[in-house]
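Everything below concerns the one structure shown next.
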Amino acid sequence: MNDNSHSTWVTVDLGAIENNIALLANLTGVPVMAVVKANAYGHGIIPVSGAALRGGAELLGVARLEEALELRAAQIASPILVMGYATESDLREAAANDISVAIWSKKQLESLFMATGDIQNPAKVHLKIDTGMSRLGAQNEDALSLARQIDAADHVLFEGIFTHYARADEIDQSSVEGQEREFLEILDRINSAGFNPHYVHAANSAASLSLPESRFSLIRPGISIYGLHPSHQVPLPGDFQAALEWKAVLSQVKVLPPGSGVSYGHEYITQKDERIGTIAVGYADGFRRVGGNEVLVGGKRVPVVGRVCMDQVCVQLDEVPGARAGDEVVIIGSQGASSITAEQVAERWGTINYEVVCGLAARVPRIYT
Ligand SMILES: Cc1ncc(COP(=O)(O)O)c(C=O)c1O
């Protein structure tokens, strides 16, 4: 809906997010940690987290402590795991706010002991194992001794153990299978030594959907809860629904004579009398400054012409003679019988749908339905 109160805006269907979480829980049969880092992939961390919990998520996953504290400040009391790096002072604040942290080194563990000894609640720890992503995590040979130290420590709860797959979104599953074999072997050693953390988790959206054996006792989906496809090779089942639409308003429409240069650098020059519209969205909103963009006006796909500016773009409207200033424009979403998906925008921008939605600027208002 264009209520004339915004130039560009995003709508987020929280019911779709709730439903997508419920679908994942039903499909996999294991509890869900909804991954809401990066402002819930651009969708808005607080409303999305509420929807995820209503949909049945048991935990929330974030990348940084600031994100977890934002959730606590909004009175969200559910379990939260900071999956990324926590500084020494973060470790203390996390424990004080009953937020779980990921640990993968002896040094971090020592910092945790130092920082949290006088805090009432136990510091909750998930041991992160690197089984082949080569990003974060303890190496195979250090896993058991870290597990021992975590388990032996007063004031520390060994709550979980996890790993992350590098290639779960591909058809060829051999890499994931290799990572899984290593994870199972480490788990076996840790369990045999008498340590049994409650949560064992590995699966992002792609693995949750396509690899039942990777689900362990918890799945960690992100992109799928927003109704976006993990990849071309691992698409979502049909009943998932994209939650986000991105719209803007047509701020001006004019007919320009042949030979008129459009936007900075005059890269586009009209060939005849042409209807050119201006839309109130630009690269400062997350609309990428590349050629070949398209949007929907009057239910038709129209080309963006000339360079994308910071707050505005121009479109060629000859195919939509009825278009008027004030009309709603769709950048991602549906209009009439036409639609543009985040995946199509990503393809045009040479990236992935994740980056398209995460790149939506903070200044773009999010409207929840
Ligand atoms: C550690 C970790 N787990 C889970 C996820 C969720 O992945 P996806 O959005 O592909 O489901 C991410 C996202 O990047 C992640 O970094």
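We label chains A, B, ... in the order they appear in the structure tokens, count residues from 1 in each chain, and number ligands from 1 in the order shown.
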
Per residue of chain A within 8 Å of ligand 1, record the nearest atom pair and its distance in Å to one decimal, counting only C-alpha atoms and all ligand atoms, with rows in chain order and ascending residue number, as CSV.
residue,atom,partner,partner_atom_place_in_ligand_line,distance
A:Val35,CA,ligand 1,6 (C),5.7
A:Gly61,CA,ligand 1,3 (N),7.6
A:Ala63,CA,ligand 1,16 (O),7.4
A:Met83,CA,ligand 1,1 (C),5.8
A:Gly84,CA,ligand 1,1 (C),7.4
A:Thr163,CA,ligand 1,1 (C),7.5
A:His164,CA,ligand 1,1 (C),5.6
A:Asp169,CA,ligand 1,10 (O),7.9
A:Ala202,CA,ligand 1,3 (N),7.4
A:Ala203,CA,ligand 1,4 (C),6.9
A:Asn204,CA,ligand 1,11 (O),4.0
A:Ser205,CA,ligand 1,11 (O),3.5
A:Ala206,CA,ligand 1,10 (O),6.2
A:Arg220,CA,ligand 1,4 (C),4.9
A:Pro221,CA,ligand 1,11 (O),3.8
A:Gly222,CA,ligand 1,9 (O),3.4
A:Ile223,CA,ligand 1,9 (O),3.8
A:Ser224,CA,ligand 1,11 (O),6.0
A:Ile225,CA,ligand 1,11 (O),7.9
A:Pro230,CA,ligand 1,10 (O),5.8
A:Tyr354,CA,ligand 1,9 (O),7.5

Using only C-alpha atoms, what does the table of segment 187-295 of chain A residues within 10 Å of segment 327-330 of chain A look like, with each row giving the shortest atom pair and its distance in Å to one decimal, sorted by chain and ascending number, as JSON lines?
{"residue": "A:Glu245", "atom": "CA", "partner": "A:Val330", "partner_atom": "CA", "distance": 7.7}
{"residue": "A:Trp246", "atom": "CA", "partner": "A:Val330", "partner_atom": "CA", "distance": 6.2}
{"residue": "A:Lys247", "atom": "CA", "partner": "A:Val330", "partner_atom": "CA", "distance": 4.5}
{"residue": "A:Ala248", "atom": "CA", "partner": "A:Val329", "partner_atom": "CA", "distance": 5.1}
{"residue": "A:Val249", "atom": "CA", "partner": "A:Glu328", "partner_atom": "CA", "distance": 4.8}
{"residue": "A:Leu250", "atom": "CA", "partner": "A:Asp327", "partner_atom": "CA", "distance": 5.3}
{"residue": "A:Ser251", "atom": "CA", "partner": "A:Asp327", "partner_atom": "CA", "distance": 8.0}
{"residue": "A:Gln252", "atom": "CA", "partner": "A:Asp327", "partner_atom": "CA", "distance": 9.5}
{"residue": "A:Ile279", "atom": "CA", "partner": "A:Val329", "partner_atom": "CA", "distance": 7.7}
{"residue": "A:Ala280", "atom": "CA", "partner": "A:Val329", "partner_atom": "CA", "distance": 9.4}
{"residue": "A:Val281", "atom": "CA", "partner": "A:Val329", "partner_atom": "CA", "distance": 9.9}
{"residue": "A:Glu294", "atom": "CA", "partner": "A:Val330", "partner_atom": "CA", "distance": 9.4}
{"residue": "A:Val295", "atom": "CA", "partner": "A:Val330", "partner_atom": "CA", "distance": 5.8}

Q. Counting only C-alpha atoms, what is within 7 Å of segment 42-54 of chain A, bar same-chain residues fewer than 5 positions away, as a VMD selection string?
A. chain A and resid 12 14 17 to 18 21 34 36 71 357 to 360

Q: Give the helix (DSSP H, G or I) residues of segment 91-165 of chain A, as assigned by DSSP on the backbone, as a PyMOL selection string.
A: chain A and resi 91-96+106-116+140-152

Atoms kept (N, CA, C and O atoms) for selection, written as a CSV table (one decimal), in the first residue's frame:
chain,number,residue,atom,x,y,z
A,91,LEU,N,32.1,-11.1,26.5
A,91,LEU,CA,31.8,-12.4,27.2
A,91,LEU,C,31.2,-12.2,28.6
A,91,LEU,O,30.3,-12.9,29.0
A,92,ARG,N,31.6,-11.1,29.3
A,92,ARG,CA,31.0,-10.8,30.6
A,92,ARG,C,29.6,-10.3,30.4
A,92,ARG,O,28.7,-10.8,31.1
A,93,GLU,N,29.4,-9.4,29.5
A,93,GLU,CA,28.0,-8.9,29.3
A,93,GLU,C,27.0,-10.0,28.8
A,93,GLU,O,25.9,-10.0,29.2
A,94,ALA,N,27.6,-10.9,28.0
A,94,ALA,CA,26.7,-12.0,27.5
A,94,ALA,C,26.3,-12.8,28.7
A,94,ALA,O,25.1,-13.1,28.9
A,95,ALA,N,27.2,-13.2,29.6
A,95,ALA,CA,26.8,-14.0,30.8
A,95,ALA,C,25.8,-13.3,31.7
A,95,ALA,O,24.9,-13.8,32.1
A,96,ALA,N,26.1,-12.0,31.8
A,96,ALA,CA,25.2,-11.2,32.7
A,96,ALA,C,23.8,-11.1,32.2
A,96,ALA,O,22.9,-10.9,32.9
A,106,LYS,N,41.4,-21.9,23.6
A,106,LYS,CA,41.7,-21.9,25.0
A,106,LYS,C,41.8,-20.5,25.5
A,106,LYS,O,41.4,-20.2,26.6
A,107,LYS,N,42.3,-19.6,24.6
A,107,LYS,CA,42.5,-18.2,25.0
A,107,LYS,C,41.1,-17.6,25.4
A,107,LYS,O,40.9,-16.9,26.4
A,108,GLN,N,40.1,-17.8,24.5
A,108,GLN,CA,38.8,-17.3,24.7
A,108,GLN,C,38.2,-17.9,26.0
A,108,GLN,O,37.6,-17.2,26.8
A,109,LEU,N,38.5,-19.1,26.2
A,109,LEU,CA,37.9,-19.8,27.4
A,109,LEU,C,38.5,-19.2,28.7
A,109,LEU,O,37.8,-18.9,29.7
A,110,GLU,N,39.8,-18.9,28.6
A,110,GLU,CA,40.5,-18.3,29.8
A,110,GLU,C,39.9,-16.9,30.0
A,110,GLU,O,39.6,-16.5,31.2
A,111,SER,N,39.7,-16.1,28.9
A,111,SER,CA,39.0,-14.8,29.1
A,111,SER,C,37.6,-14.9,29.7
A,111,SER,O,37.2,-14.2,30.5
A,112,LEU,N,36.9,-16.0,29.3
A,112,LEU,CA,35.6,-16.2,29.8
A,112,LEU,C,35.6,-16.5,31.3
A,112,LEU,O,34.9,-15.9,32.1
A,113,PHE,N,36.6,-17.3,31.7
A,113,PHE,CA,36.7,-17.7,33.1
A,113,PHE,C,37.0,-16.4,33.9
A,113,PHE,O,36.4,-16.1,35.0
A,114,MET,N,37.9,-15.6,33.4
A,114,MET,CA,38.3,-14.3,34.1
A,114,MET,C,37.2,-13.4,34.2
A,114,MET,O,36.9,-12.7,35.2
A,115,ALA,N,36.4,-13.3,33.1
A,115,ALA,CA,35.4,-12.2,33.0
A,115,ALA,C,34.1,-12.5,33.7
A,115,ALA,O,33.3,-11.6,34.0
A,116,THR,N,33.8,-13.8,33.9
A,116,THR,CA,32.5,-14.2,34.4
A,116,THR,C,32.4,-14.8,35.7
A,116,THR,O,31.4,-15.2,36.2
A,140,ASN,N,40.1,-30.1,14.9
A,140,ASN,CA,39.8,-31.4,15.4
A,140,ASN,C,40.6,-31.8,16.6
A,140,ASN,O,40.1,-32.3,17.6
A,141,GLU,N,42.0,-31.6,16.6
A,141,GLU,CA,42.8,-32.1,17.6
A,141,GLU,C,42.7,-31.3,19.0
A,141,GLU,O,43.1,-31.8,20.0
A,142,ASP,N,42.0,-30.2,18.9
A,142,ASP,CA,41.9,-29.4,20.2
A,142,ASP,C,40.5,-29.6,20.8
A,142,ASP,O,40.2,-29.1,21.9
A,143,ALA,N,39.6,-30.2,20.0
A,143,ALA,CA,38.2,-30.2,20.4
A,143,ALA,C,37.9,-30.9,21.8
A,143,ALA,O,37.3,-30.3,22.7
A,144,LEU,N,38.5,-32.1,22.0
A,144,LEU,CA,38.3,-32.8,23.2
A,144,LEU,C,38.8,-32.0,24.5
A,144,LEU,O,38.2,-31.9,25.5
A,145,SER,N,40.0,-31.5,24.3
A,145,SER,CA,40.6,-30.8,25.5
A,145,SER,C,39.8,-29.5,25.8
A,145,SER,O,39.6,-29.2,27.0
A,146,LEU,N,39.3,-28.9,24.8
A,146,LEU,CA,38.4,-27.7,25.1
A,146,LEU,C,37.1,-28.1,25.8
A,146,LEU,O,36.6,-27.5,26.7
A,147,ALA,N,36.5,-29.3,25.3
A,147,ALA,CA,35.3,-29.8,25.9
A,147,ALA,C,35.6,-30.1,27.4
A,147,ALA,O,34.7,-29.8,28.2
A,148,ARG,N,36.7,-30.7,27.7
A,148,ARG,CA,37.0,-31.0,29.0
A,148,ARG,C,37.1,-29.8,29.9
A,148,ARG,O,36.5,-29.7,31.0
A,149,GLN,N,37.8,-28.7,29.4
A,149,GLN,CA,37.9,-27.5,30.2
A,149,GLN,C,36.6,-26.8,30.4
A,149,GLN,O,36.3,-26.3,31.5
A,150,ILE,N,35.7,-26.8,29.4
A,150,ILE,CA,34.4,-26.2,29.5
A,150,ILE,C,33.6,-26.9,30.6
A,150,ILE,O,33.0,-26.3,31.5
A,151,ASP,N,33.6,-28.2,30.4
A,151,ASP,CA,32.8,-29.0,31.3
A,151,ASP,C,33.3,-28.9,32.8
A,151,ASP,O,32.5,-29.0,33.7
A,152,ALA,N,34.6,-28.8,33.0
A,152,ALA,CA,35.2,-28.8,34.3
A,152,ALA,C,35.0,-27.5,35.0
A,152,ALA,O,35.1,-27.4,36.3

Q: Counting only C-alpha atoms, figure out which residue out of A:Cys309, A:Val156, A:Ala325, A:Leu296 gets nearest to Lys254 of chain A.
A: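 Using only C-alpha atoms, the shortest distance to Lys254 of chain A belongs to A:Ala325.
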
Q: Run DSSP on the backbone and give me the residues of segment 162-366 of chain A it puts in strand (DSSP E or B), as a VMD selection string.
A: chain A and resid 162 199 to 203 218 to 219 244 to 256 261 to 262 268 to 269 274 to 279 294 to 297 300 to 305 313 to 316 328 to 335 338 to 340 366

Please dump the current selection as a PDB file, in the first residue's frame; keep C-alpha atoms.
ATOM      1  CA  PHE A 162      28.246 -26.960  16.605  1.00  0.00           C
ATOM      2  CA  TYR A 199      22.294 -28.761  21.665  1.00  0.00           C
ATOM      3  CA  VAL A 200      24.186 -30.342  18.786  1.00  0.00           C
ATOM      4  CA  HIS A 201      23.764 -28.302  15.618  1.00  0.00           C
ATOM      5  CA  ALA A 202      25.165 -27.933  12.133  1.00  0.00           C
ATOM      6  CA  ALA A 203      22.424 -27.302   9.588  1.00  0.00           C
ATOM      7  CA  LEU A 218      18.689 -28.302  16.475  1.00  0.00           C
ATOM      8  CA  ILE A 219      18.600 -26.619  13.073  1.00  0.00           C
ATOM      9  CA  LEU A 244       9.512  -8.963   2.109  1.00  0.00           C
ATOM     10  CA  GLU A 245       8.435  -6.550  -0.598  1.00  0.00           C
ATOM     11  CA  TRP A 246      10.328  -3.384  -1.497  1.00  0.00           C
ATOM     12  CA  LYS A 247       8.448  -0.454  -2.948  1.00  0.00           C
ATOM     13  CA  ALA A 248       8.916   3.200  -3.846  1.00  0.00           C
ATOM     14  CA  VAL A 249       6.908   6.037  -5.254  1.00  0.00           C
ATOM     15  CA  LEU A 250       7.014   7.602  -8.699  1.00  0.00           C
ATOM     16  CA  SER A 251       7.912  11.181  -7.841  1.00  0.00           C
ATOM     17  CA  GLN A 252       7.675  12.731 -11.315  1.00  0.00           C
ATOM     18  CA  VAL A 253       6.676  11.775 -14.864  1.00  0.00           C
ATOM     19  CA  LYS A 254       7.517  13.840 -17.924  1.00  0.00           C
ATOM     20  CA  VAL A 255       7.832  13.564 -21.692  1.00  0.00           C
ATOM     21  CA  LEU A 256      11.306  14.487 -22.885  1.00  0.00           C
ATOM     22  CA  GLY A 261      20.359  13.242 -21.481  1.00  0.00           C
ATOM     23  CA  VAL A 262      19.041  11.422 -18.400  1.00  0.00           C
ATOM     24  CA  TYR A 268      21.060   7.468 -21.482  1.00  0.00           C
ATOM     25  CA  ILE A 269      19.882   9.804 -24.235  1.00  0.00           C
ATOM     26  CA  GLU A 274      10.027   9.487 -24.332  1.00  0.00           C
ATOM     27  CA  ARG A 275       8.090   9.234 -21.083  1.00  0.00           C
ATOM     28  CA  ILE A 276      10.657   9.300 -18.324  1.00  0.00           C
ATOM     29  CA  GLY A 277       9.731   8.808 -14.685  1.00  0.00           C
ATOM     30  CA  THR A 278      11.724   9.454 -11.527  1.00  0.00           C
ATOM     31  CA  ILE A 279      11.530   7.086  -8.567  1.00  0.00           C
ATOM     32  CA  GLU A 294      14.152  -3.104 -13.792  1.00  0.00           C
ATOM     33  CA  VAL A 295      11.149  -2.282 -11.611  1.00  0.00           C
ATOM     34  CA  LEU A 296       7.387  -2.759 -11.878  1.00  0.00           C
ATOM     35  CA  VAL A 297       5.169   0.194 -12.751  1.00  0.00           C
ATOM     36  CA  LYS A 300       4.710  -3.972 -16.164  1.00  0.00           C
ATOM     37  CA  ARG A 301       8.473  -4.418 -15.992  1.00  0.00           C
ATOM     38  CA  VAL A 302      10.154  -1.178 -17.029  1.00  0.00           C
ATOM     39  CA  PRO A 303      13.866  -0.452 -17.446  1.00  0.00           C
ATOM     40  CA  VAL A 304      15.831   1.885 -15.208  1.00  0.00           C
ATOM     41  CA  VAL A 305      17.653   4.314 -17.511  1.00  0.00           C
ATOM     42  CA  VAL A 313      16.520   6.591 -10.298  1.00  0.00           C
ATOM     43  CA  CYS A 314      14.886   7.267 -13.653  1.00  0.00           C
ATOM     44  CA  VAL A 315      12.762   4.798 -15.611  1.00  0.00           C
ATOM     45  CA  GLN A 316      11.517   4.598 -19.187  1.00  0.00           C
ATOM     46  CA  GLU A 328       3.516   2.817  -6.455  1.00  0.00           C
ATOM     47  CA  VAL A 329       6.602   1.156  -7.907  1.00  0.00           C
ATOM     48  CA  VAL A 330       7.708  -2.359  -6.970  1.00  0.00           C
ATOM     49  CA  ILE A 331      11.407  -3.157  -6.741  1.00  0.00           C
ATOM     50  CA  ILE A 332      10.940  -6.590  -5.100  1.00  0.00           C
ATOM     51  CA  GLY A 333       7.470  -8.112  -4.949  1.00  0.00           C
ATOM     52  CA  SER A 334       4.336  -8.346  -7.074  1.00  0.00           C
ATOM     53  CA  GLN A 335       2.177  -5.878  -8.941  1.00  0.00           C
ATOM     54  CA  SER A 338       4.035  -9.379 -12.648  1.00  0.00           C
ATOM     55  CA  SER A 339       6.637  -9.970  -9.988  1.00  0.00           C
ATOM     56  CA  ILE A 340      10.331  -9.437  -9.335  1.00  0.00           C
ATOM     57  CA  ARG A 366      10.011  -1.307   7.438  1.00  0.00           C
TER      58      ARG A 366
END

Q: Go through A:Ser5, A:Gln179, A:Ser208, A:Ser260 and flag the residue nearest Thr28 of chain A, using only C-alpha atoms for the distances.
A: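 Ranked by minimum distance to Thr28 of chain A, first place goes to A:Ser208.
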
Q: Determine the nearest neighbour of Ser263 of chain A from the options A:Val308, A:Val62, A:Leu317, A:Leu127, counting only C-alpha atoms.
A: A:Val308

Q.
List the spatial neighbours of Ala138 of chain A as a VMD selection string - criterion: any atom at most 7 Å away, only C-alpha atoms, same-chain residues fewer than 4 positions off excluded.
A. chain A and resid 104 to 105 128 to 130 142 to 143

**Q.** Nearest to Tyr283 of chain A by atom-to-atom distance, counting only C-alpha atoms, from A:Leu187, A:Asp172, A:Pro122, A:Thr8
**A.** A:Thr8

Q: In Å, rounded to a single decimal, give me how far atom CA of Asn19 of chain A is from atom CA of Lys37 of chain A.
A: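 Between these atoms lies a distance of 19.3 Å.
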
Q: Extract, using only C-alpha atoms, all DNA, RNA and protein residues at most 6 Å from Glu159 of chain A, discarding same-chain residues fewer than 5 positions from it, and format them as a PyMOL selection string.
A: chain A and resi 124-126+197-198

Could those selected residues go to a file with C-alpha atoms, as a CSV table (one decimal), in the first residue's frame?
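Listing of again31.csv after writing:
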chain,number,residue,atom,x,y,z
A,124,LYS,CA,26.5,-20.6,28.6
A,125,VAL,CA,28.9,-22.0,26.0
A,126,HIS,CA,28.6,-23.6,22.6
A,197,PRO,CA,25.9,-30.8,25.6
A,198,HIS,CA,22.1,-30.4,25.1
